[in-house]
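Note: the block below is data33.txt and it holds compact mmCIF, C-alpha atoms.
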# COMPACT_ATOMS: atom_id res chain seq x y z
CA MET A 130 76.24 98.79 105.00
CA SER A 131 79.82 98.08 104.09
CA TYR A 132 81.58 95.03 102.76
CA ILE A 133 84.90 94.09 104.36
CA ASP A 134 87.74 92.30 102.60
CA SER A 135 90.41 90.08 104.10
CA SER A 136 93.03 92.85 104.22
CA SER A 137 90.89 94.76 106.72
CA LEU A 138 89.45 91.69 108.42
CA LEU A 139 92.94 90.48 109.34
CA LYS A 140 93.58 93.83 111.06
CA THR A 141 90.75 92.99 113.48
CA LEU A 142 92.52 89.78 114.49
CA TRP A 143 96.08 90.96 115.09
CA GLU A 144 97.67 94.32 115.68
CA GLU A 145 98.98 96.30 112.75
CA PRO A 146 99.40 100.09 112.56
CA GLU A 147 95.95 100.41 110.91
CA SER A 148 94.13 98.07 113.35
CA PRO A 149 92.68 100.79 115.63
CA ALA A 150 91.36 102.74 112.64
CA VAL A 151 89.80 99.59 111.14
CA ARG A 152 88.06 98.77 114.43
CA GLU A 153 86.80 102.36 114.67
CA ALA A 154 85.43 102.23 111.10
CA ILE A 155 83.65 98.94 111.85
CA ALA A 156 82.16 100.35 115.07
CA SER A 157 80.67 103.24 113.09
CA GLU A 158 78.75 100.89 110.77
CA GLN A 159 75.32 99.39 111.35
CA GLU A 160 76.18 96.39 109.20
CA VAL A 161 79.50 95.00 107.95
CA VAL A 162 79.16 92.15 105.49
CA ILE A 163 81.75 89.39 105.51
CA SER A 164 81.38 87.27 102.40
CA THR A 165 82.30 83.61 102.33
CA LEU A 166 85.14 84.62 100.02
CA ALA A 167 86.56 87.15 102.52
CA GLU A 168 86.23 84.56 105.27
CA LEU A 169 88.05 81.94 103.17
CA GLU A 170 90.82 84.38 102.21
CA THR A 171 91.28 85.27 105.88
CA GLU A 172 91.46 81.59 106.86
CA VAL A 173 94.06 80.99 104.11
CA GLN A 174 96.19 83.90 105.34
CA LEU A 175 96.01 82.65 108.94
CA ARG A 176 97.00 79.12 107.90
CA ALA A 177 99.84 80.40 105.72
CA LYS A 178 101.21 82.49 108.57
CA TRP A 179 101.05 79.48 110.91
CA LEU A 180 102.63 77.06 108.43
CA SER A 181 105.44 79.54 107.67
CA GLY A 182 106.30 79.76 111.37
CA GLY A 183 104.82 83.21 111.90
CA LEU A 184 102.32 81.89 114.47
CA THR A 185 102.30 79.17 117.07
CA LYS A 186 99.55 76.59 116.76
CA THR A 187 97.92 78.01 119.90
CA ARG A 188 97.91 81.55 118.47
CA TYR A 189 96.63 80.30 115.09
CA GLU A 190 93.74 78.51 116.79
CA ALA A 191 92.97 81.60 118.89
CA TYR A 192 92.75 83.78 115.75
CA ARG A 193 90.46 81.24 114.06
CA LYS A 194 88.24 81.19 117.17
CA LYS A 195 88.09 84.98 117.19
CA LEU A 196 87.14 85.04 113.49
CA ALA A 197 84.38 82.48 114.16
CA SER A 198 83.11 84.61 117.07
CA PHE A 199 82.33 87.41 114.61
CA ARG A 200 79.35 85.29 113.47
CA GLU A 201 77.72 86.21 116.80
CA THR A 202 79.05 89.78 116.95
CA SER A 203 77.34 92.95 115.77
CA PRO A 204 77.75 94.63 113.28
CA PHE A 205 79.09 91.63 111.34
CA GLU A 206 76.86 89.68 108.99
CA PHE A 207 78.20 86.65 107.13
CA ARG A 208 76.79 86.06 103.66
CA ASP A 209 77.27 83.38 101.08
CA LEU A 210 78.30 84.54 97.64
CA SER A 211 75.21 83.11 96.04
CA GLY A 212 73.16 84.44 93.17
CA ALA A 213 70.70 85.84 95.73
CA VAL A 214 73.35 88.24 97.06
CA PHE A 215 74.05 89.57 93.59
CA ARG A 216 70.35 89.76 92.77
CA ARG A 217 69.72 91.80 95.94
CA ALA A 218 72.63 94.10 95.15
CA ILE A 219 71.31 94.73 91.65
CA GLU A 220 67.80 95.42 92.99
CA GLN A 221 69.18 97.88 95.56
CA HIS A 222 71.34 99.56 92.94
CA LEU A 223 68.43 99.96 90.51
CA ALA A 224 66.24 101.35 93.29
CA GLY A 225 68.96 103.86 94.22
CA LYS A 226 69.26 102.35 97.71
CA TRP A 227 72.61 100.65 97.38
CA GLN A 228 75.45 102.33 99.18
CA ARG A 229 78.49 100.90 97.50
CA ARG A 230 81.21 100.97 100.13
CA LEU A 231 84.18 98.67 100.54
CA LEU A 232 86.33 98.52 103.66
CA THR A 233 89.81 97.58 102.39
CA ASN A 234 93.44 98.13 103.23
CA ASP A 235 94.66 96.77 99.89
CA ALA A 236 95.69 99.42 97.34
CA LYS A 237 94.93 97.30 94.26
CA GLN A 238 91.54 96.25 95.63
CA ALA A 239 90.76 99.90 96.41
CA ALA A 240 91.69 101.05 92.90
CA ALA A 241 89.56 98.35 91.26
CA ALA A 242 86.55 99.05 93.47
CA ARG A 243 86.90 102.82 92.97
CA ALA A 244 86.87 102.25 89.19
CA LEU A 245 83.54 100.45 89.63
CA GLY A 246 82.09 103.40 91.53
CA TYR A 247 82.53 102.15 95.09
CA GLU A 248 83.26 104.47 97.96
CA ILE A 249 86.47 103.26 99.57
CA VAL A 250 86.92 103.17 103.32
CA SER A 251 90.55 102.43 104.09
CA PRO A 252 91.12 103.23 107.77
CA GLY A 253 94.65 104.26 108.56
CA MET A 254 95.76 104.02 104.91
CA ARG A 255 96.27 106.67 102.26
CA PHE A 256 95.60 105.71 98.65
CA PRO A 257 95.27 108.05 95.69
CA GLY A 258 91.70 109.31 95.58
CA ARG A 259 89.12 109.50 98.32
CA ASN A 260 89.82 107.93 101.71
CA HIS A 261 88.08 107.90 105.07
Output the file's structure in the form of structure tokens.
Amino acid sequence: MSYIDSSSLLKTLWEEPESPAVREAIASEQEVVISTLAELETEVQLRAKWLSGGLTKTRYEAYRKKLASFRETSPFEFRDLSGAVFRRAIEQHLAGKWQRRLLTNDAKQAAAARALGYEIVSPGMRFPGRNH
């Protein structure tokens, strides 16, 4: 299981140099968790790009529809950031079953997660430290 942040999630919606590598990394996972926070951040980025003139309204709506379609698409799983999520993570960690992986294309996010002991998956990117 991997968690995905908005920097990588956006690369699944529009084409950037790292987009093929992100899609490949997602396809190799059994489960990719999209938190409500990552979903919100992605929605904010889409709206900002539309309002700044970077997208037409039609394109903006198409990206939002594609993001919503991920709710019915494997391997994505949407999860609320409730106490239950954190409780489950702690239980898995204590039982030695928690694979701490973060799919990110954001250098600062990668550095912070690496400092907390996460394995970083940053398809198509090269950050100091371990990459996949």
Item checked: Neighbours of point (86.3, 98.4, 113.2) within 12 Å, using only C-alpha atoms, written as a PyMOL selection string -> chain A and resi 131-133+137-142+147-161+199+202-205+232-233+250-253
Checklist line | Distance query Tyr189 of chain A at most 10 Å, all atoms listed in the file, self and fewer than 6 positions along chain excluded, as JSON, numbers by chain | finding: {"A": [172, 175, 176, 177, 178, 179, 180, 183, 195]}
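Of note, atom CA of Ala191 of chain A and atom CA of Leu210 of chain A are spaced 26.0 Å apart.
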Note to self: Just checking: using all atoms listed in the file, which residue out of A:Ala240, A:Arg208, A:Asn234, A:Leu245 ends up closest to Glu145 of chain A?
What the structure shows: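 Using all atoms listed in the file, the shortest distance to Glu145 of chain A belongs to A:Asn234.
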Report as AutoDock Vina command-line options the centre and the edge lengths, in Å to one decimal, of the axis-aligned box holding every listed atom of segment 131-140 of chain A, padded by 6 Å on each side.
--center_x 86.7 --center_y 94.1 --center_z 106.8 --size_x 25.8 --size_y 20.0 --size_z 20.5
Notebook entry, point to check: By how many Å are atom CA of Thr165 of chain A and atom CA of Glu201 of chain A apart?
Noted result: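 Distance between the two atoms: 15.4 Å.
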Next item on the list: Provide the atom CA of Ala242 of chain A to atom CA of Arg229 of chain A distance in Å, to one decimal place.
Entry: 9.2 Å
